[in-house]
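> Have a look at the structure that comes next, please.
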Amino acid sequence: MTVQNSRPSLVVDELRVSFSGFVAVDGVSFDAHPGEVRFLIGPNGAGKTTCIDAITGLSRGEGSARLGDVEVLGKPVHRVTRLGIGRTFQTASVFEELSVMQNLDIACGISRGPLSLLAPRREIPAALEDALVEIGLQDQREQAAGSLSHGQKQWLEIGMLLVQQPKALLLDEPVAGMSHDERTATGELLQRIARERVVVVVEHDMDFIRRFASRVTVLHQGKVLSEGSIEQVQADPRVQDVYLGTAAAVVQDEED
Amino acid sequence: MTAPTRLSPPVDLDRPRTRTMISPGIGIPTWRSLIIGLTLMAIALLVVAPALMSSFELNRLAKYVCFAIVAVGIGFAWGRGGMLTLGQGVFFGIGGYAMAMHMQLADAEFAGAAAPEFMMLYGSGEVPIWWEPFRSPVFTIVAVIVLPALLALALGYAIFSRKVKGAYFAILSQALVAAFGVLLIGNQATTGGFNGLSNFQSWFGYVLADPANKRMIYFIAAAVLLAMIFVAFLLMRSRFGELLVATRDAEERVRFLGYNPATVKVSAFVVAAVMAGIAGALFVPIVGIISPADIGVTPSIVFLIGVAAGGRASLFGPAIGAIAVAWAETSLSESFPDVWSYFQGLLLVLVIALLPGGVASLAGKIRTRKTAEGAAR
């Protein structure tokens, strides 16, 4: 296996998703590569989350989404995960009644055979310890996931993806509801993770995007409106029209 | 392939990579609680009860033990897996009828008759082909385990791979048990119909009229119950058991972790079905009859009440709850035959509304309150 194959890119080509006549995503193309934190932005209803839903098998999509040479569109959810694409949700969904460690242990278990599933956990896999350190929850390992703060739950969810050694991570509004410090920590975590795998982030928070985005794709009404670095995108008059004008104004207000 | 470079910030390489002593996690019974609980139950069921009870009372307890075996399975599928199994009567019935068919054939053979008596009365007097294999005791014992497992596998796969869950699953399983009863009643010539199968003389060569043999069957049933609790314990402690709880709490998340939740749920459903089948098979020699009334809609719901009252997600709660509710039913329904079923319904509603974790959750609740009070001071 070559180095390139073990760190594949995610290439989405002419993706189309429609719900009984309503076209939510209309021919979206973008590509994301290891080494960059890729952002999908756009106003509400632009089709950002729908794109992720289609790639991960939750919604039916037409067109193509390839991880390296492998087509992932049209496969059921658990198969897409096994191909190496992990995702998080807008609301953190962890197993509230299980401990942090149990959550991570379940997450890294997809390669386990039926027989080892029947045995109790006798040791903690090394990948799990590494993920605990990475997400900074070593001290909460025995705590019930339901008792974690909102930010910690999001980190746990990212950790649950990390232990699976995924090739691509798709994160849906990971910093929503987080404090400023938590946002910074999350952004730094994403930059570390992105060094060797694809990271795609759907986000609204303009300040967060400015600080951590490598490249940005702006969606509007199911189509790609603009693409490039944050500066390029912000300078695009069409983007200012539909989205950044208002969002930037809001940020400006907050700073005043 | 190149070795993956490490992502994490610098980590102390001397730290142990794995730990030999690890905590079992939250909500998982410990070996200590298993040993204490099993010992207490063994003393109660195997020593105290046989010493104090008349053979009539002991036989009645044996019947409750059968319900408790069903309850252990329901506790696993419902308490740990979130599947409200309202149709366990089907699997209980399959185990029971398999055993009853064998006993009918063995009795007829012993008496020198060509076929069981009811077939002479209602049918052609010939043993149908599908009864024939049940002449073999080995086939019967295998069938008691395998038939419920196969049916649960087929049904479970059909239901769960279509993402049917919650109340829809409960209604479906309830409808199934109703249909099973209709099927049995409609085939009087081969199943005994409404009357069911009864009048058994012997069980694997042991004469049922002999109290010593009835006693032996009680001990077998009690030992099977203890063994099933042990099996449930091992399953709860396994990674599969944790995955089942995770599936119960956030099925979609489990799917996005790369598991197929349908497989997880079907497995737990099969475990519960096999336990119900074994219980049904033991029920027949103990009670001496199996009929549609023993396996229909009402008994299937009654199975749940003890499980809910005892604590559906706990290890011992379902079994103890089932025995307690069955005992209460017998003693209270004798004194208040009219109001018992209202009381039963009320009990189920109260437990679900006020104490969803059952009696087993009381200890934990008191402990939390004490800690909270301690912290407040």
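In the structure tokens, each chain is lettered A, B, ... as it comes, each chain's residues begin at 1, and ligands are numbered from 1 in order of appearance.
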List every residue of chain A that has an atom at most 6 Å from any atom of chain B, giving for each one its closest atom pair and the distance in Å to one decimal, counting only C-alpha atoms, sorted by chain and then by ascending residue number, as a Markdown table.


```
| residue | atom | partner | partner_atom | distance |
| --- | --- | --- | --- | --- |
| A:Met1 | CA | B:Met1 | CA | 5.3 |
| A:His78 | CA | B:Gly258 | CA | 4.0 |
| A:Thr81 | CA | B:Gly258 | CA | 4.9 |
| A:Arg82 | CA | B:Gly258 | CA | 5.5 |
| A:Phe95 | CA | B:Ala246 | CA | 5.8 |
| A:Leu98 | CA | B:Ile26 | CA | 5.6 |
| A:Ser99 | CA | B:Ile26 | CA | 5.9 |
| A:Ala107 | CA | B:Leu257 | CA | 5.8 |
| A:Leu117 | CA | B:Arg239 | CA | 5.0 |
| A:Leu118 | CA | B:Ser238 | CA | 5.1 |
| A:Ala119 | CA | B:Ser238 | CA | 4.8 |
| A:Pro120 | CA | B:Ser238 | CA | 3.9 |
| A:Glu123 | CA | B:Arg19 | CA | 5.7 |
| A:Ile124 | CA | B:Thr18 | CA | 5.4 |
| A:Ala126 | CA | B:Arg17 | CA | 5.7 |
| A:Glu134 | CA | B:Ser8 | CA | 5.3 |
```

> Which residues come within 9 Å of Pro299 (chain B), counting only C-alpha atoms, excluding same-chain residues fewer than 5 positions away, as a list of chain:residue names?

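Here the qualifying residues turn out to be B:Gln88, B:Gly89, B:Ala293, B:Asp294, B:Leu304.
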
> Skipping near chain neighbours, those fewer than 3 positions away, what residues fall within 12 Å of region 54-58 of chain B using only C-alpha atoms, listed as a ChimeraX atom specification?

/B:45-51,61-65,209-219,221-222,286-287,327,330-331

> Taking only C-alpha atoms into account, which of A:Val100, A:Leu171, A:Ala213, A:Ala54 comes nearest Leu137 (chain A)?

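Selected residue with least distance to Leu137 (chain A): A:Val100.
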
> Would you mind listing what lies within 12 Å of Ile209 (chain A) as number ranges by chain, with only C-alpha atoms counted and same-chain residues fewer than 6 positions away left out?

A: 37-42, 173-175, 183-184, 186-187, 190, 200-203, 215-218, 229-231, 233-234, 244, 247-248

> Mind pulling up the distance from CA of Leu197 (chain B) to CA of Ala115 (chain B)?

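Taking CA of Ala115 (chain B) as the start and CA of Leu197 (chain B) as the end point, the length is 13.2 Å.
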
> CA of Pro292 (chain B) to CA of Gly196 (chain B): how many Å, to one decimal?

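So the answer is 6.5 Å.
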
> I need the residue nearest Pro114 (chain A) from this list: B:Thr30, B:Ser136, B:Thr263, B:Thr298. Use only C-alpha atoms for the distance.

B:Thr263

> Name the residues of region 25-242 of chain A that fall into helix (DSSP H, G or I) according to DSSP on the backbone, using the chain letters and numbers of this document, as a PyMOL selection string.

chain A and resi 48-55+77-83+100-107+114-117+126-135+138-140+145-147+150-162+180-193+206-212+230-235+237-242

> Once you have the residues from the selection above, write them out as a short mmCIF file (atom, residue, chain, number, x, y, z; two decimals), in the first residue's frame, restricted to C-alpha atoms.


```
data_model
loop_
_atom_site.label_atom_id
_atom_site.label_comp_id
_atom_site.auth_asym_id
_atom_site.auth_seq_id
_atom_site.Cartn_x
_atom_site.Cartn_y
_atom_site.Cartn_z
CA LYS A 48 -24.52 21.53 4.73
CA THR A 49 -25.76 18.86 7.10
CA THR A 50 -27.64 17.16 4.27
CA CYS A 51 -24.34 16.77 2.41
CA ILE A 52 -22.88 14.97 5.43
CA ASP A 53 -26.02 12.88 5.84
CA ALA A 54 -25.75 11.73 2.23
CA ILE A 55 -22.04 10.90 2.44
CA VAL A 77 -24.49 3.70 7.54
CA HIS A 78 -22.48 1.02 9.34
CA ARG A 79 -20.65 0.06 6.14
CA VAL A 80 -19.63 3.67 5.45
CA THR A 81 -18.27 3.81 9.00
CA ARG A 82 -16.30 0.64 8.41
CA LEU A 83 -14.78 2.20 5.29
CA VAL A 100 -16.26 7.65 29.32
CA MET A 101 -14.10 4.55 29.06
CA GLN A 102 -17.04 2.31 28.13
CA ASN A 103 -18.06 4.80 25.46
CA LEU A 104 -14.60 4.74 23.91
CA ASP A 105 -14.32 0.97 24.26
CA ILE A 106 -17.55 0.40 22.37
CA ALA A 107 -16.39 2.82 19.69
CA PRO A 114 -18.34 -12.14 17.80
CA LEU A 115 -16.32 -14.29 20.21
CA SER A 116 -14.34 -11.44 21.71
CA LEU A 117 -17.60 -9.50 22.04
CA ALA A 126 -3.63 1.43 23.68
CA ALA A 127 -5.61 3.39 21.08
CA LEU A 128 -8.17 4.13 23.79
CA GLU A 129 -5.56 5.53 26.19
CA ASP A 130 -4.16 7.69 23.41
CA ALA A 131 -7.60 9.05 22.57
CA LEU A 132 -8.27 9.82 26.26
CA VAL A 133 -5.11 11.92 26.36
CA GLU A 134 -5.88 13.55 23.03
CA ILE A 135 -9.32 14.74 24.10
CA GLN A 138 -8.11 11.25 31.45
CA ASP A 139 -9.52 12.37 34.81
CA GLN A 140 -13.12 11.68 33.76
CA ALA A 145 -20.85 10.33 30.03
CA GLY A 146 -24.18 11.90 30.94
CA SER A 147 -22.50 13.89 33.73
CA HIS A 150 -21.55 19.95 26.91
CA GLY A 151 -18.06 20.65 25.59
CA GLN A 152 -16.63 17.51 27.14
CA LYS A 153 -19.37 15.43 25.50
CA GLN A 154 -18.40 16.84 22.11
CA TRP A 155 -14.77 15.96 22.79
CA LEU A 156 -15.77 12.48 23.90
CA GLU A 157 -17.64 12.09 20.64
CA ILE A 158 -14.56 13.15 18.69
CA GLY A 159 -12.55 10.68 20.79
CA MET A 160 -15.00 7.93 19.90
CA LEU A 161 -14.24 8.63 16.25
CA LEU A 162 -10.48 8.78 16.84
CA HIS A 180 -14.37 30.63 24.14
CA ASP A 181 -11.64 28.53 25.77
CA GLU A 182 -13.40 25.32 24.80
CA ARG A 183 -13.61 26.56 21.21
CA THR A 184 -9.90 27.26 21.12
CA ALA A 185 -9.10 23.82 22.54
CA THR A 186 -11.45 22.20 20.01
CA GLY A 187 -9.90 24.13 17.11
CA GLU A 188 -6.41 23.09 18.13
CA LEU A 189 -7.58 19.50 18.51
CA LEU A 190 -9.05 19.59 14.99
CA GLN A 191 -5.80 20.97 13.56
CA ARG A 192 -3.82 18.15 15.22
CA ILE A 193 -6.27 15.51 13.98
CA MET A 206 -17.42 33.05 11.92
CA ASP A 207 -14.78 33.77 14.53
CA PHE A 208 -14.01 30.06 14.85
CA ILE A 209 -13.87 29.68 11.06
CA ARG A 210 -11.45 32.61 10.70
CA ARG A 211 -9.12 31.17 13.29
CA PHE A 212 -9.02 27.56 12.21
CA ILE A 230 -11.35 32.50 4.29
CA GLU A 231 -10.00 35.78 2.89
CA GLN A 232 -10.97 34.89 -0.66
CA VAL A 233 -14.42 33.80 0.40
CA GLN A 234 -15.00 36.89 2.49
CA ALA A 235 -13.97 39.11 -0.41
CA PRO A 237 -19.38 39.89 -3.24
CA ARG A 238 -21.89 37.07 -3.78
CA VAL A 239 -20.99 35.59 -0.42
CA GLN A 240 -21.30 38.98 1.25
CA ASP A 241 -24.75 39.26 -0.25
CA VAL A 242 -26.23 36.05 1.07
#
```

> Report the distance between CA of Val182 (chain B) and CA of Gln104 (chain B) in Å, rounded to one decimal place.

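Computing the Euclidean distance for CA of Val182 (chain B) and CA of Gln104 (chain B) yields 21.6 Å.
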
> Quick one: of B:Gly156, B:Gly193, B:Gly95, B:Gly82, who's nearest to Thr140 (chain B), counting only C-alpha atoms?

B:Gly95

> Using DSSP assignments from the backbone, pull out every residue in region 166-370 of chain B that falls under strand (DSSP E or B) and give it to me as a list in words.

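The strand (DSSP E or B) residues within region 166-370 of chain B come out as Leu197, Ser198, Ser202, Trp203, Tyr206, Val207, Ser238, Ile289 and Ile290 of chain B.
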
> For Arg7 (chain A), please output as number ranges by chain all residues within 7 Å (counting only C-alpha atoms; exclusion window: fewer than 4 positions along the same chain).

A: 3, 34, 167, 196-197

> For each of B:Leu40, B:Val302, B:Leu362, B:Val224, take the minimum atom-to-atom distance to Gly345 (chain B), counting only C-alpha atoms, then give the residue where this is smallest.

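Counting only C-alpha atoms, the residue closest to Gly345 (chain B) is B:Val302.
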
> Within 8 Å of Val270 (chain B), counting only C-alpha atoms, which residues qualify if same-chain residues fewer than 4 places away don't, as a PDB file with N, CA and C atoms, in the first residue's frame?


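What landed in around-v3.pdb:
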```
ATOM      1  N   PRO B 148     -37.282 -22.253  19.605  1.00  0.00           N
ATOM      2  CA  PRO B 148     -37.475 -20.839  19.963  1.00  0.00           C
ATOM      3  C   PRO B 148     -36.365 -19.948  19.409  1.00  0.00           C
ATOM      4  N   ALA B 149     -35.115 -20.470  19.412  1.00  0.00           N
ATOM      5  CA  ALA B 149     -33.998 -19.668  18.908  1.00  0.00           C
ATOM      6  C   ALA B 149     -34.187 -19.354  17.431  1.00  0.00           C
ATOM      7  N   LEU B 150     -34.570 -20.362  16.643  1.00  0.00           N
ATOM      8  CA  LEU B 150     -34.736 -20.148  15.199  1.00  0.00           C
ATOM      9  C   LEU B 150     -35.878 -19.177  14.916  1.00  0.00           C
ATOM     10  N   ALA B 152     -37.083 -16.891  16.928  1.00  0.00           N
ATOM     11  CA  ALA B 152     -36.683 -15.545  17.367  1.00  0.00           C
ATOM     12  C   ALA B 152     -35.711 -14.922  16.377  1.00  0.00           C
ATOM     13  N   LEU B 153     -34.828 -15.749  15.821  1.00  0.00           N
ATOM     14  CA  LEU B 153     -33.854 -15.255  14.847  1.00  0.00           C
ATOM     15  C   LEU B 153     -34.574 -14.724  13.603  1.00  0.00           C
ATOM     16  N   GLY B 156     -36.915 -11.739  14.694  1.00  0.00           N
ATOM     17  CA  GLY B 156     -36.091 -10.607  15.117  1.00  0.00           C
ATOM     18  C   GLY B 156     -35.431  -9.953  13.924  1.00  0.00           C
ATOM     19  N   VAL B 266     -31.222  -8.616  17.769  1.00  0.00           N
ATOM     20  CA  VAL B 266     -31.677  -9.975  17.471  1.00  0.00           C
ATOM     21  C   VAL B 266     -30.998 -10.961  18.424  1.00  0.00           C
ATOM     22  N   VAL B 274     -34.838 -18.316  24.060  1.00  0.00           N
ATOM     23  CA  VAL B 274     -34.354 -19.633  24.502  1.00  0.00           C
ATOM     24  C   VAL B 274     -34.689 -19.842  25.978  1.00  0.00           C
TER      25      VAL B 274
END
```
